[in-house]
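Written below as structure tokens is the structure these notes are about.
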Amino acid sequence: MKKFIPILVFICFTHVAISQNPLITHMHTADPTARVFNDKLYIYPSHDAIPPEGIKAPRFCMPDYHIFSLENGNTWKDNGVILDQNEVPWGKKNSYGMWAPDCIERDGKYYYYYPAPPNDGTTFRRIGVGVSKSPTGPFTWEKDYIKGIDGIDPGLMIDDDGQAYIFFAGGKTIKGAKLNKNMKQIDGDAIKIQGIPAGYVEGPFPFKYNGTYYLTFAHVFPDEGYTIAYATSKSPLGPYVYSGKIMDNIDNGTNHHSVVKYKGKWILFYHWWSISGYSKLRSMRADYMEFKDDGTIKKVKPTLRGIGNPTINDTIQIDRYNSIQNAKTTFVGGNEPNGWMVSDTKMMSNVRFNGVDFGEGKATKIQARVASGQRNGSFEIHLGGAKGQLIATFPVNYTGGYNTWETIETDIIDKPTGLQDITVVFKSVWGATKIVNLNWLLLKE
Ligand code: FUB
């Protein structure tokens with residue numbers, strides 16, 4: 001097992017968190033279930049925490065749930081705690097066991113499903129439900145858990161005929177059941193889903209695509225470890241046929257995911273632990289996913305750039321690049337919030353970031369978050385590659401050192417429109433090894 005050495009200490013807690021991959025950096029989030037409600041993207045993750053002093057958390061330390069909503073092209077809003085472990089009406093107190101949840105909409109109401117250890121001690125996890133008029137709550141929590149099922153990682157689906165299904169996991173099996181119209185009881189018995197490969201499985205996430213039922217899940221191979229896999233069927237409760245991996249093992253400890261179509265593109269949400277360095281302090285991430293013509297899914301490779309098109313007032317996390325030459329990315333220092341920066345910049349270092357949304361050309365200024373220990377040089381913003389059209393130039397000034405941060409601003413020359421790739425080019429005297437540390441860019445009207 002890895003030694004618990006969180007690389008970064010939490011420096012600040014904000015309500016609005018902004019990032020590429022990982023999606024947020026002000027707290028640790030795992031098991032991201034993404035959903036699109038009324039064209040807006042929401043994430044229902046679980047919350048990995050550092051155990052409070054004196055608490056011996058079992059395996060993971062998961063005290064509550066937050067909900068995140070995408071408020072701009074690239075800005076994730078933390079809607080705060082929507083359920084604390086000690087508010088679960090049927091739950092064991094201080095269990096730190098609030099594992100992967102899901103949320104689904106039916107007739108304008110939002111049903112939030114979550115697993116927690118029950119106070120009656122009957123089993124490892126029961127699954128509870130709450131209902132709200134809004135995707136971000138507040139939810140009214142059912143007084144008792146759903147009878148007839150026990151397990152972890154509820155995954156929900158409503159078929160075209162209006163029948164709702166709940167899937168959940170327990171060791172080497174995935175089970176599924178029909179839900180009543182009230183979404184609070186199962187209809188009949190839960191059944192073991194046939195066709196799921198041997199080995200440990202969890203995190204079932206069902207969806208339908210072109211008339212085929214897809215059941216995606218985390219699958220652990222004895223030699224490879226956690227992968228994200230999928231199986232397909234002509235019927236929601238199976239039998240299913242194993243159809244391959246969506247993501248190879250990424251040395252993750254666990255991997256838990258969801259799949260969603262947003263603005264015409266399929267996205268895989270999953271988690272990794274790149275900020276903490278510890279597999280039980282995870283961070284949610286997202287990358288685009290594609291179907292082949294025959295309905296099979298192309299394997300997804302994790303990227304830094306992730307998804308989303310930052311627009312005016314979204315930070316462009318330039319260290320989550322598409323390509324980089326002659327520079328590095330390292331953790332930020334000083335009093336900056338968690339995250340990375342572009343560092344070790346030299347003469348002609350460049351970093352490319354694709355898909356910035358300049359919209360209708362209203363961005364007139366651009367800001368940069370910088371720290372520098374030297375007094376000469378500049379960095380330029382170009383459209384496309386390093387030799388593309390120059391749209392902004394920032395001078396490099398001494399900020400007090402490479403851990404002392406300042407936000408600087410300059411005018412944008414010509415007003416680009418629409419989606420553009422940008423490249424930052426660093427300039428100074430030859431031989432300079434650290435021109436400036438760059439944390440983010442931000443377009444302003
Ligand atoms: O986050 C706790 C557990 O780890 C989840 O329920 C599993 O899916 C795995 O990600």
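Letters A, B, ... go to the chains of the structure tokens in the order shown; residues in each chain start at 1; ligands are counted from 1 in the same order.
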Site check for ligand 1: residues at most 9 Å away, only C-alpha atoms and all ligand atoms, as a PyMOL selection string: chain A and resi 29-31+45-48+59-62+97-101+115+152-154+169+201-204+217-218+253-257+271+280+282
Could you take the residues named above and write them with N, CA and C atoms, as a short mmCIF file (atom, residue, chain, number, x, y, z; two decimals), in the first residue's frame?
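The new file selection-v1.cif reads:
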```cif
data_model
loop_
_atom_site.label_atom_id
_atom_site.label_comp_id
_atom_site.auth_asym_id
_atom_site.auth_seq_id
_atom_site.Cartn_x
_atom_site.Cartn_y
_atom_site.Cartn_z
N THR A 29 -12.50 14.87 -4.63
CA THR A 29 -13.79 14.33 -5.07
C THR A 29 -13.53 13.03 -5.81
N ALA A 30 -14.41 12.06 -5.62
CA ALA A 30 -14.25 10.76 -6.30
C ALA A 30 -15.59 10.33 -6.88
N ASP A 31 -15.57 9.23 -7.63
CA ASP A 31 -16.79 8.58 -8.09
C ASP A 31 -17.75 9.56 -8.79
N PRO A 45 -20.52 13.69 -7.21
CA PRO A 45 -19.39 12.83 -6.80
C PRO A 45 -19.50 12.47 -5.31
N SER A 46 -18.60 11.63 -4.86
CA SER A 46 -18.42 11.48 -3.43
C SER A 46 -17.24 12.37 -3.01
N HIS A 47 -16.98 12.42 -1.74
CA HIS A 47 -16.02 13.38 -1.18
C HIS A 47 -14.98 12.66 -0.34
N ASP A 48 -13.74 12.62 -0.82
CA ASP A 48 -12.63 12.07 -0.04
C ASP A 48 -12.08 13.16 0.87
N ARG A 59 -10.95 2.49 5.50
CA ARG A 59 -10.56 2.55 4.09
C ARG A 59 -10.53 3.98 3.55
N PHE A 60 -11.70 4.48 3.16
CA PHE A 60 -11.78 5.87 2.69
C PHE A 60 -12.38 6.69 3.83
N CYS A 61 -12.17 8.00 3.76
CA CYS A 61 -12.78 8.88 4.75
C CYS A 61 -13.77 9.78 3.99
N MET A 62 -15.05 9.40 4.02
CA MET A 62 -16.02 10.05 3.13
C MET A 62 -17.22 10.53 3.95
N GLY A 97 -18.49 6.76 5.60
CA GLY A 97 -18.66 5.74 4.55
C GLY A 97 -19.64 6.11 3.46
N MET A 98 -19.68 7.41 3.11
CA MET A 98 -20.64 7.87 2.10
C MET A 98 -20.02 7.67 0.72
N TRP A 99 -20.27 6.52 0.16
CA TRP A 99 -19.62 6.16 -1.10
C TRP A 99 -20.40 6.68 -2.30
N ALA A 100 -20.13 6.12 -3.48
CA ALA A 100 -20.57 6.73 -4.75
C ALA A 100 -22.08 6.89 -4.91
N PRO A 101 -22.55 8.12 -5.18
CA PRO A 101 -23.98 8.37 -5.37
C PRO A 101 -24.38 8.53 -6.84
N PRO A 115 -25.23 5.30 -1.11
CA PRO A 115 -25.02 4.17 -0.21
C PRO A 115 -24.42 4.66 1.11
N ILE A 152 -23.26 -1.30 -2.94
CA ILE A 152 -22.65 0.02 -3.11
C ILE A 152 -22.92 0.54 -4.52
N ASP A 153 -22.62 1.81 -4.73
CA ASP A 153 -22.54 2.42 -6.06
C ASP A 153 -23.84 2.32 -6.88
N PRO A 154 -24.94 2.89 -6.39
CA PRO A 154 -26.16 2.87 -7.20
C PRO A 154 -25.96 3.58 -8.53
N ALA A 169 -23.63 -2.66 -6.83
CA ALA A 169 -22.56 -3.66 -6.84
C ALA A 169 -22.32 -4.23 -5.46
N VAL A 201 -15.96 -6.34 -9.33
CA VAL A 201 -16.62 -5.30 -10.15
C VAL A 201 -17.33 -4.32 -9.22
N GLU A 202 -17.43 -3.09 -9.66
CA GLU A 202 -18.19 -2.09 -8.90
C GLU A 202 -18.54 -0.93 -9.83
N GLY A 203 -19.24 0.05 -9.28
CA GLY A 203 -19.56 1.28 -10.02
C GLY A 203 -20.37 1.07 -11.28
N PRO A 204 -21.46 0.27 -11.25
CA PRO A 204 -22.23 0.09 -12.49
C PRO A 204 -22.88 1.40 -12.92
N PHE A 217 -18.79 -0.40 -15.99
CA PHE A 217 -18.46 -0.73 -14.60
C PHE A 217 -16.94 -0.75 -14.42
N ALA A 218 -16.52 -0.64 -13.17
CA ALA A 218 -15.10 -0.82 -12.87
C ALA A 218 -14.85 -2.31 -12.75
N GLY A 253 -5.59 2.76 -7.92
CA GLY A 253 -6.21 2.29 -6.68
C GLY A 253 -7.64 1.88 -6.93
N THR A 254 -8.47 2.81 -7.41
CA THR A 254 -9.83 2.51 -7.87
C THR A 254 -10.04 3.31 -9.14
N ASN A 255 -11.07 2.99 -9.89
CA ASN A 255 -11.52 3.95 -10.90
C ASN A 255 -13.03 3.82 -10.97
N HIS A 256 -13.70 4.91 -10.97
CA HIS A 256 -15.16 4.93 -10.94
C HIS A 256 -15.59 6.04 -11.88
N HIS A 257 -16.63 5.80 -12.64
CA HIS A 257 -16.86 6.65 -13.79
C HIS A 257 -18.36 6.88 -14.02
N HIS A 271 -11.99 9.21 -11.96
CA HIS A 271 -11.16 9.90 -10.97
C HIS A 271 -9.71 9.38 -10.98
N LYS A 280 -6.43 7.39 -1.79
CA LYS A 280 -7.72 7.57 -1.11
C LYS A 280 -8.07 9.05 -0.96
N ARG A 282 -8.86 11.33 -3.87
CA ARG A 282 -8.95 11.32 -5.34
C ARG A 282 -9.51 12.64 -5.87
#
```
Out of range 127-233 of chain A, which residues get strand (DSSP E or B) from DSSP, as a PyMOL selection string? chain A and resi 127-132+140-141+152-158+164-170+173-179+186-192+200-209+212-221+225-233
Counting only C-alpha atoms, give me one row per residue of range 336-400 of chain A with an atom at most 8 Å from an atom of range 426-429 of chain A, showing the shortest contact pair and its distance in Å to one decimal, sorted by chain then residue number, as JSON lines.
```
{"residue": "A:Thr345", "atom": "CA", "partner": "A:Phe426", "partner_atom": "CA", "distance": 6.7}
{"residue": "A:Lys346", "atom": "CA", "partner": "A:Phe426", "partner_atom": "CA", "distance": 6.6}
{"residue": "A:Met347", "atom": "CA", "partner": "A:Lys427", "partner_atom": "CA", "distance": 4.7}
{"residue": "A:Met348", "atom": "CA", "partner": "A:Phe426", "partner_atom": "CA", "distance": 5.2}
{"residue": "A:Ser349", "atom": "CA", "partner": "A:Phe426", "partner_atom": "CA", "distance": 5.3}
{"residue": "A:Asn350", "atom": "CA", "partner": "A:Phe426", "partner_atom": "CA", "distance": 6.3}
{"residue": "A:Asn376", "atom": "CA", "partner": "A:Ser428", "partner_atom": "CA", "distance": 6.4}
{"residue": "A:Gly377", "atom": "CA", "partner": "A:Ser428", "partner_atom": "CA", "distance": 4.1}
{"residue": "A:Ser378", "atom": "CA", "partner": "A:Lys427", "partner_atom": "CA", "distance": 5.2}
{"residue": "A:Phe379", "atom": "CA", "partner": "A:Phe426", "partner_atom": "CA", "distance": 4.3}
{"residue": "A:Glu380", "atom": "CA", "partner": "A:Phe426", "partner_atom": "CA", "distance": 6.5}
```
Filtering to all heavy atoms, could you give me those residues as a tab-separated table (two decimals), in the first residue's frame?
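Written file, out20.tsv:
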```tsv
chain	number	residue	atom	x	y	z
A	345	THR	N	10.46	28.17	-17.58
A	345	THR	CA	10.29	28.72	-18.93
A	345	THR	C	11.60	29.35	-19.40
A	345	THR	O	12.28	30.04	-18.65
A	345	THR	CB	9.16	29.77	-18.94
A	345	THR	OG1	9.38	30.70	-17.88
A	345	THR	CG2	7.81	29.10	-18.73
A	346	LYS	N	11.92	29.07	-20.66
A	346	LYS	CA	13.18	29.54	-21.25
A	346	LYS	C	12.85	30.31	-22.52
A	346	LYS	O	11.70	30.31	-22.94
A	346	LYS	CB	14.08	28.34	-21.60
A	346	LYS	CG	14.37	27.46	-20.41
A	346	LYS	CD	14.95	26.12	-20.83
A	346	LYS	CE	14.83	25.09	-19.73
A	346	LYS	NZ	13.45	24.63	-19.49
A	347	MET	N	13.89	30.88	-23.12
A	347	MET	CA	13.71	31.57	-24.40
A	347	MET	C	13.07	30.60	-25.40
A	347	MET	O	13.58	29.51	-25.62
A	347	MET	CB	15.08	32.03	-24.90
A	347	MET	CG	15.06	32.72	-26.23
A	347	MET	SD	14.21	34.30	-26.10
A	347	MET	CE	14.50	34.93	-27.74
A	348	MET	N	11.92	30.98	-25.93
A	348	MET	CA	11.16	30.23	-26.94
A	348	MET	C	10.44	28.99	-26.39
A	348	MET	O	9.96	28.16	-27.17
A	348	MET	CB	12.04	29.81	-28.15
A	348	MET	CG	12.65	30.98	-28.86
A	348	MET	SD	11.50	32.31	-29.23
A	348	MET	CE	10.72	31.67	-30.69
A	349	SER	N	10.34	28.87	-25.07
A	349	SER	CA	9.44	27.83	-24.53
A	349	SER	C	8.05	28.14	-25.05
A	349	SER	O	7.69	29.31	-25.22
A	349	SER	CB	9.36	27.91	-23.00
A	349	SER	OG	10.57	27.64	-22.40
A	350	ASN	N	7.27	27.12	-25.31
A	350	ASN	CA	5.87	27.41	-25.66
A	350	ASN	C	4.93	26.33	-25.20
A	350	ASN	O	5.30	25.17	-25.04
A	350	ASN	CB	5.72	27.72	-27.15
A	350	ASN	CG	6.11	26.57	-28.02
A	350	ASN	OD1	5.39	25.58	-28.08
A	350	ASN	ND2	7.27	26.66	-28.69
A	376	ASN	N	13.44	40.87	-16.83
A	376	ASN	CA	13.35	41.11	-18.27
A	376	ASN	C	12.69	39.94	-18.98
A	376	ASN	O	12.65	38.82	-18.48
A	376	ASN	CB	14.71	41.44	-18.87
A	376	ASN	CG	15.71	40.32	-18.67
A	376	ASN	OD1	15.44	39.20	-19.09
A	376	ASN	ND2	16.82	40.62	-18.01
A	377	GLY	N	12.17	40.25	-20.14
A	377	GLY	CA	11.51	39.23	-20.92
A	377	GLY	C	10.04	39.55	-21.11
A	377	GLY	O	9.53	40.59	-20.66
A	378	SER	N	9.37	38.67	-21.81
A	378	SER	CA	7.95	38.87	-22.10
A	378	SER	C	7.36	37.50	-22.43
A	378	SER	O	8.08	36.52	-22.61
A	378	SER	CB	7.78	39.81	-23.30
A	378	SER	OG	8.37	39.22	-24.45
A	379	PHE	N	6.06	37.45	-22.46
A	379	PHE	CA	5.43	36.26	-23.06
A	379	PHE	C	4.25	36.71	-23.89
A	379	PHE	O	3.59	37.71	-23.60
A	379	PHE	CB	5.09	35.20	-22.01
A	379	PHE	CG	4.13	35.61	-20.93
A	379	PHE	CD1	2.78	35.28	-21.00
A	379	PHE	CD2	4.59	36.30	-19.81
A	379	PHE	CE1	1.91	35.65	-19.99
A	379	PHE	CE2	3.72	36.67	-18.79
A	379	PHE	CZ	2.37	36.35	-18.89
A	380	GLU	N	4.06	35.97	-24.97
A	380	GLU	CA	3.09	36.38	-25.99
A	380	GLU	C	2.01	35.33	-26.14
A	380	GLU	O	2.26	34.13	-25.97
A	380	GLU	CB	3.80	36.53	-27.35
A	380	GLU	CG	4.93	37.52	-27.34
A	380	GLU	CD	5.77	37.45	-28.62
A	380	GLU	OE1	5.65	36.46	-29.39
A	380	GLU	OE2	6.55	38.39	-28.83
```
Which residue, A:Ile50, A:Pro239, A:Ile324, A:Asn437, has the smallest gap to Ser279 in chain A when you use only C-alpha atoms?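 Once distances to Ser279 in chain A are computed over only C-alpha atoms, the minimum belongs to A:Ile50.
Near Asn86 in chain A, within 12 Å and counting only C-alpha atoms, sit Met62, Pro63, Asp64, Tyr65, Ile82, Leu83, Asp84, Val88, Pro89, Trp90, Gly91, Lys92, Lys93, Asn94, Ser95, Tyr96, Gly97, Met98, Ala116, Pro117, Pro118 and Asn119 of chain A, not including residues fewer than 2 positions from it in the same chain.
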Could you turn the residues from that selection into a file that holds N, CA, C and O atoms, as a PDB file, in the first residue's frame?
```
ATOM      1  N   MET A  62     -15.045   9.402   4.015  1.00  0.00           N
ATOM      2  CA  MET A  62     -16.016  10.052   3.133  1.00  0.00           C
ATOM      3  C   MET A  62     -17.217  10.532   3.955  1.00  0.00           C
ATOM      4  O   MET A  62     -18.148   9.787   4.226  1.00  0.00           O
ATOM      5  N   PRO A  63     -17.164  11.814   4.380  1.00  0.00           N
ATOM      6  CA  PRO A  63     -18.134  12.288   5.369  1.00  0.00           C
ATOM      7  C   PRO A  63     -19.445  12.851   4.822  1.00  0.00           C
ATOM      8  O   PRO A  63     -20.418  12.962   5.548  1.00  0.00           O
ATOM      9  N   ASP A  64     -19.468  13.276   3.550  1.00  0.00           N
ATOM     10  CA  ASP A  64     -20.664  13.985   3.069  1.00  0.00           C
ATOM     11  C   ASP A  64     -20.655  14.035   1.541  1.00  0.00           C
ATOM     12  O   ASP A  64     -19.730  13.509   0.905  1.00  0.00           O
ATOM     13  N   TYR A  65     -21.685  14.663   0.984  1.00  0.00           N
ATOM     14  CA  TYR A  65     -21.758  14.820  -0.473  1.00  0.00           C
ATOM     15  C   TYR A  65     -21.887  16.296  -0.848  1.00  0.00           C
ATOM     16  O   TYR A  65     -22.625  17.038  -0.202  1.00  0.00           O
ATOM     17  N   ILE A  82     -24.701  18.681   0.521  1.00  0.00           N
ATOM     18  CA  ILE A  82     -26.141  18.443   0.410  1.00  0.00           C
ATOM     19  C   ILE A  82     -26.594  17.318   1.331  1.00  0.00           C
ATOM     20  O   ILE A  82     -27.777  17.198   1.625  1.00  0.00           O
ATOM     21  N   LEU A  83     -25.670  16.519   1.814  1.00  0.00           N
ATOM     22  CA  LEU A  83     -26.038  15.504   2.813  1.00  0.00           C
ATOM     23  C   LEU A  83     -24.793  15.163   3.625  1.00  0.00           C
ATOM     24  O   LEU A  83     -23.770  14.775   3.065  1.00  0.00           O
ATOM     25  N   ASP A  84     -24.928  15.314   4.913  1.00  0.00           N
ATOM     26  CA  ASP A  84     -23.834  14.945   5.814  1.00  0.00           C
ATOM     27  C   ASP A  84     -24.112  13.543   6.364  1.00  0.00           C
ATOM     28  O   ASP A  84     -25.273  13.158   6.527  1.00  0.00           O
ATOM     29  N   VAL A  88     -28.147  11.204   7.713  1.00  0.00           N
ATOM     30  CA  VAL A  88     -28.811  10.065   7.062  1.00  0.00           C
ATOM     31  C   VAL A  88     -29.768   9.450   8.084  1.00  0.00           C
ATOM     32  O   VAL A  88     -29.321   8.957   9.124  1.00  0.00           O
ATOM     33  N   PRO A  89     -31.098   9.522   7.822  1.00  0.00           N
ATOM     34  CA  PRO A  89     -32.050   9.117   8.860  1.00  0.00           C
ATOM     35  C   PRO A  89     -31.825   7.694   9.367  1.00  0.00           C
ATOM     36  O   PRO A  89     -32.052   7.419  10.530  1.00  0.00           O
ATOM     37  N   TRP A  90     -31.371   6.797   8.522  1.00  0.00           N
ATOM     38  CA  TRP A  90     -31.212   5.386   8.885  1.00  0.00           C
ATOM     39  C   TRP A  90     -29.736   4.995   9.007  1.00  0.00           C
ATOM     40  O   TRP A  90     -29.400   3.816   9.144  1.00  0.00           O
ATOM     41  N   GLY A  91     -28.869   6.011   8.966  1.00  0.00           N
ATOM     42  CA  GLY A  91     -27.433   5.728   8.839  1.00  0.00           C
ATOM     43  C   GLY A  91     -26.697   5.619  10.167  1.00  0.00           C
ATOM     44  O   GLY A  91     -27.114   6.158  11.194  1.00  0.00           O
ATOM     45  N   LYS A  92     -25.600   4.907  10.112  1.00  0.00           N
ATOM     46  CA  LYS A  92     -24.697   4.807  11.266  1.00  0.00           C
ATOM     47  C   LYS A  92     -23.991   6.153  11.418  1.00  0.00           C
ATOM     48  O   LYS A  92     -23.509   6.717  10.418  1.00  0.00           O
ATOM     49  N   LYS A  93     -23.899   6.652  12.644  1.00  0.00           N
ATOM     50  CA  LYS A  93     -23.272   7.961  12.870  1.00  0.00           C
ATOM     51  C   LYS A  93     -21.744   7.877  12.676  1.00  0.00           C
ATOM     52  O   LYS A  93     -21.133   6.854  12.964  1.00  0.00           O
ATOM     53  N   ASN A  94     -21.191   8.950  12.204  1.00  0.00           N
ATOM     54  CA  ASN A  94     -19.736   9.068  12.003  1.00  0.00           C
ATOM     55  C   ASN A  94     -19.129   7.845  11.313  1.00  0.00           C
ATOM     56  O   ASN A  94     -18.093   7.338  11.734  1.00  0.00           O
ATOM     57  N   SER A  95     -19.787   7.420  10.256  1.00  0.00           N
ATOM     58  CA  SER A  95     -19.312   6.214   9.550  1.00  0.00           C
ATOM     59  C   SER A  95     -18.196   6.537   8.557  1.00  0.00           C
ATOM     60  O   SER A  95     -17.432   5.681   8.177  1.00  0.00           O
ATOM     61  N   TYR A  96     -18.156   7.768   8.110  1.00  0.00           N
ATOM     62  CA  TYR A  96     -17.212   8.183   7.055  1.00  0.00           C
ATOM     63  C   TYR A  96     -17.284   7.232   5.859  1.00  0.00           C
ATOM     64  O   TYR A  96     -16.300   6.950   5.212  1.00  0.00           O
ATOM     65  N   GLY A  97     -18.490   6.757   5.599  1.00  0.00           N
ATOM     66  CA  GLY A  97     -18.655   5.739   4.548  1.00  0.00           C
ATOM     67  C   GLY A  97     -19.640   6.113   3.464  1.00  0.00           C
ATOM     68  O   GLY A  97     -20.359   5.260   2.964  1.00  0.00           O
ATOM     69  N   MET A  98     -19.679   7.405   3.115  1.00  0.00           N
ATOM     70  CA  MET A  98     -20.638   7.874   2.104  1.00  0.00           C
ATOM     71  C   MET A  98     -20.021   7.668   0.717  1.00  0.00           C
ATOM     72  O   MET A  98     -19.354   8.554   0.192  1.00  0.00           O
ATOM     73  N   ALA A 116     -24.821   4.050   2.197  1.00  0.00           N
ATOM     74  CA  ALA A 116     -24.238   4.393   3.506  1.00  0.00           C
ATOM     75  C   ALA A 116     -24.360   3.179   4.418  1.00  0.00           C
ATOM     76  O   ALA A 116     -25.242   2.343   4.228  1.00  0.00           O
ATOM     77  N   PRO A 117     -23.486   3.102   5.427  1.00  0.00           N
ATOM     78  CA  PRO A 117     -23.608   2.002   6.395  1.00  0.00           C
ATOM     79  C   PRO A 117     -24.870   2.218   7.244  1.00  0.00           C
ATOM     80  O   PRO A 117     -25.080   3.309   7.768  1.00  0.00           O
ATOM     81  N   PRO A 118     -25.726   1.203   7.380  1.00  0.00           N
ATOM     82  CA  PRO A 118     -26.961   1.383   8.148  1.00  0.00           C
ATOM     83  C   PRO A 118     -26.727   1.262   9.646  1.00  0.00           C
ATOM     84  O   PRO A 118     -25.834   0.528  10.074  1.00  0.00           O
ATOM     85  N   ASN A 119     -27.569   1.952  10.438  1.00  0.00           N
ATOM     86  CA  ASN A 119     -27.383   1.852  11.901  1.00  0.00           C
ATOM     87  C   ASN A 119     -27.955   0.558  12.462  1.00  0.00           C
ATOM     88  O   ASN A 119     -27.718   0.217  13.607  1.00  0.00           O
TER      89      ASN A 119
END
```
Excluding Asp150 in chain A and any residue of its chain fewer than 4 positions from it, enumerate the residues within 7 Å of it, using only C-alpha atoms, and give them as a PyMOL selection string. chain A and resi 125-127
Please save N, CA, C and O atoms of the selected residues as a PDB file, in the first residue's frame.
```
ATOM      1  N   ARG A 125     -23.518  -1.916   3.313  1.00  0.00           N
ATOM      2  CA  ARG A 125     -24.105  -0.664   2.804  1.00  0.00           C
ATOM      3  C   ARG A 125     -25.554  -0.896   2.405  1.00  0.00           C
ATOM      4  O   ARG A 125     -25.881  -1.903   1.762  1.00  0.00           O
ATOM      5  N   ARG A 126     -26.404   0.052   2.768  1.00  0.00           N
ATOM      6  CA  ARG A 126     -27.754   0.129   2.223  1.00  0.00           C
ATOM      7  C   ARG A 126     -27.812   1.343   1.302  1.00  0.00           C
ATOM      8  O   ARG A 126     -26.899   2.170   1.295  1.00  0.00           O
ATOM      9  N   ILE A 127     -28.889   1.431   0.549  1.00  0.00           N
ATOM     10  CA  ILE A 127     -28.999   2.546  -0.404  1.00  0.00           C
ATOM     11  C   ILE A 127     -30.235   3.372  -0.041  1.00  0.00           C
ATOM     12  O   ILE A 127     -31.345   2.836   0.105  1.00  0.00           O
TER      13      ILE A 127
END
```
Nearby residues (only C-alpha atoms) at most 9 Å from Thr311 in chain A, same-chain spacing under 5 positions excluded, as a PDB file with N, CA, C and O atoms, in the first residue's frame:
```pdb
ATOM      1  N   ASN A  72     -20.258  28.047 -16.537  1.00  0.00           N
ATOM      2  CA  ASN A  72     -19.782  28.835 -17.670  1.00  0.00           C
ATOM      3  C   ASN A  72     -19.114  27.815 -18.567  1.00  0.00           C
ATOM      4  O   ASN A  72     -19.343  26.622 -18.418  1.00  0.00           O
ATOM      5  N   GLY A  73     -18.295  28.228 -19.498  1.00  0.00           N
ATOM      6  CA  GLY A  73     -17.669  27.225 -20.346  1.00  0.00           C
ATOM      7  C   GLY A  73     -16.780  26.268 -19.595  1.00  0.00           C
ATOM      8  O   GLY A  73     -16.490  25.164 -20.052  1.00  0.00           O
ATOM      9  N   ASN A  74     -16.325  26.663 -18.402  1.00  0.00           N
ATOM     10  CA  ASN A  74     -15.277  25.883 -17.758  1.00  0.00           C
ATOM     11  C   ASN A  74     -15.223  26.093 -16.248  1.00  0.00           C
ATOM     12  O   ASN A  74     -14.218  25.805 -15.633  1.00  0.00           O
ATOM     13  N   ILE A 316      -8.169  29.959 -17.871  1.00  0.00           N
ATOM     14  CA  ILE A 316      -7.574  29.002 -18.816  1.00  0.00           C
ATOM     15  C   ILE A 316      -6.382  28.407 -18.073  1.00  0.00           C
ATOM     16  O   ILE A 316      -5.380  29.084 -17.838  1.00  0.00           O
ATOM     17  N   VAL A 356     -10.132  27.508 -26.853  1.00  0.00           N
ATOM     18  CA  VAL A 356     -10.585  28.639 -26.030  1.00  0.00           C
ATOM     19  C   VAL A 356     -11.740  29.306 -26.788  1.00  0.00           C
ATOM     20  O   VAL A 356     -11.644  29.552 -27.983  1.00  0.00           O
ATOM     21  N   ASP A 357     -12.817  29.589 -26.070  1.00  0.00           N
ATOM     22  CA  ASP A 357     -14.005  30.140 -26.728  1.00  0.00           C
ATOM     23  C   ASP A 357     -14.007  31.663 -26.620  1.00  0.00           C
ATOM     24  O   ASP A 357     -14.349  32.227 -25.579  1.00  0.00           O
ATOM     25  N   PHE A 358     -13.663  32.336 -27.744  1.00  0.00           N
ATOM     26  CA  PHE A 358     -13.649  33.803 -27.764  1.00  0.00           C
ATOM     27  C   PHE A 358     -15.038  34.371 -28.093  1.00  0.00           C
ATOM     28  O   PHE A 358     -15.209  35.586 -28.177  1.00  0.00           O
ATOM     29  N   GLY A 359     -16.005  33.493 -28.313  1.00  0.00           N
ATOM     30  CA  GLY A 359     -17.386  33.924 -28.547  1.00  0.00           C
ATOM     31  C   GLY A 359     -17.503  34.900 -29.698  1.00  0.00           C
ATOM     32  O   GLY A 359     -16.940  34.697 -30.777  1.00  0.00           O
ATOM     33  N   ALA A 363     -14.042  39.706 -25.965  1.00  0.00           N
ATOM     34  CA  ALA A 363     -12.872  39.744 -25.064  1.00  0.00           C
ATOM     35  C   ALA A 363     -11.932  40.843 -25.542  1.00  0.00           C
ATOM     36  O   ALA A 363     -11.408  40.783 -26.654  1.00  0.00           O
ATOM     37  N   LEU A 442      -6.883  34.527 -18.295  1.00  0.00           N
ATOM     38  CA  LEU A 442      -8.312  34.754 -18.149  1.00  0.00           C
ATOM     39  C   LEU A 442      -8.746  35.858 -19.121  1.00  0.00           C
ATOM     40  O   LEU A 442      -8.143  36.931 -19.154  1.00  0.00           O
ATOM     41  N   LEU A 443      -9.768  35.577 -19.919  1.00  0.00           N
ATOM     42  CA  LEU A 443     -10.275  36.581 -20.853  1.00  0.00           C
ATOM     43  C   LEU A 443     -11.255  37.502 -20.132  1.00  0.00           C
ATOM     44  O   LEU A 443     -12.073  37.044 -19.337  1.00  0.00           O
ATOM     45  N   LYS A 444     -11.160  38.813 -20.450  1.00  0.00           N
ATOM     46  CA  LYS A 444     -12.083  39.783 -19.845  1.00  0.00           C
ATOM     47  C   LYS A 444     -12.750  40.589 -20.946  1.00  0.00           C
ATOM     48  O   LYS A 444     -12.144  40.818 -21.998  1.00  0.00           O
TER      49      LYS A 444
END
```
Selected residue, from A:Gln85, A:Asn313, A:Thr399, A:Gln325, that lies nearest to Leu441 in chain A when counting only C-alpha atoms: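 Comparing A:Gln85, A:Asn313, A:Thr399, A:Gln325 against Leu441 in chain A, the winner is A:Asn313.
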Top pick for closest residue to Thr122 in chain A, considering A:Lys40, A:Trp340, A:Lys147, A:Val425 and counting only C-alpha atoms: A:Lys147
Rank A:Glu87, A:Asp39, A:Glu105, A:Asp421 by their smallest atom-to-atom distance to Ile318 in chain A, using only C-alpha atoms, and report the top residue only.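 Among A:Glu87, A:Asp39, A:Glu105, A:Asp421, it is A:Asp421 that comes nearest to Ile318 in chain A.
The shortest atom-to-atom distance to Thr410 in chain A, with only C-alpha atoms taken into account, belongs to A:Gln367 out of A:Ser274, A:Asn439, A:Thr315, A:Gln367.
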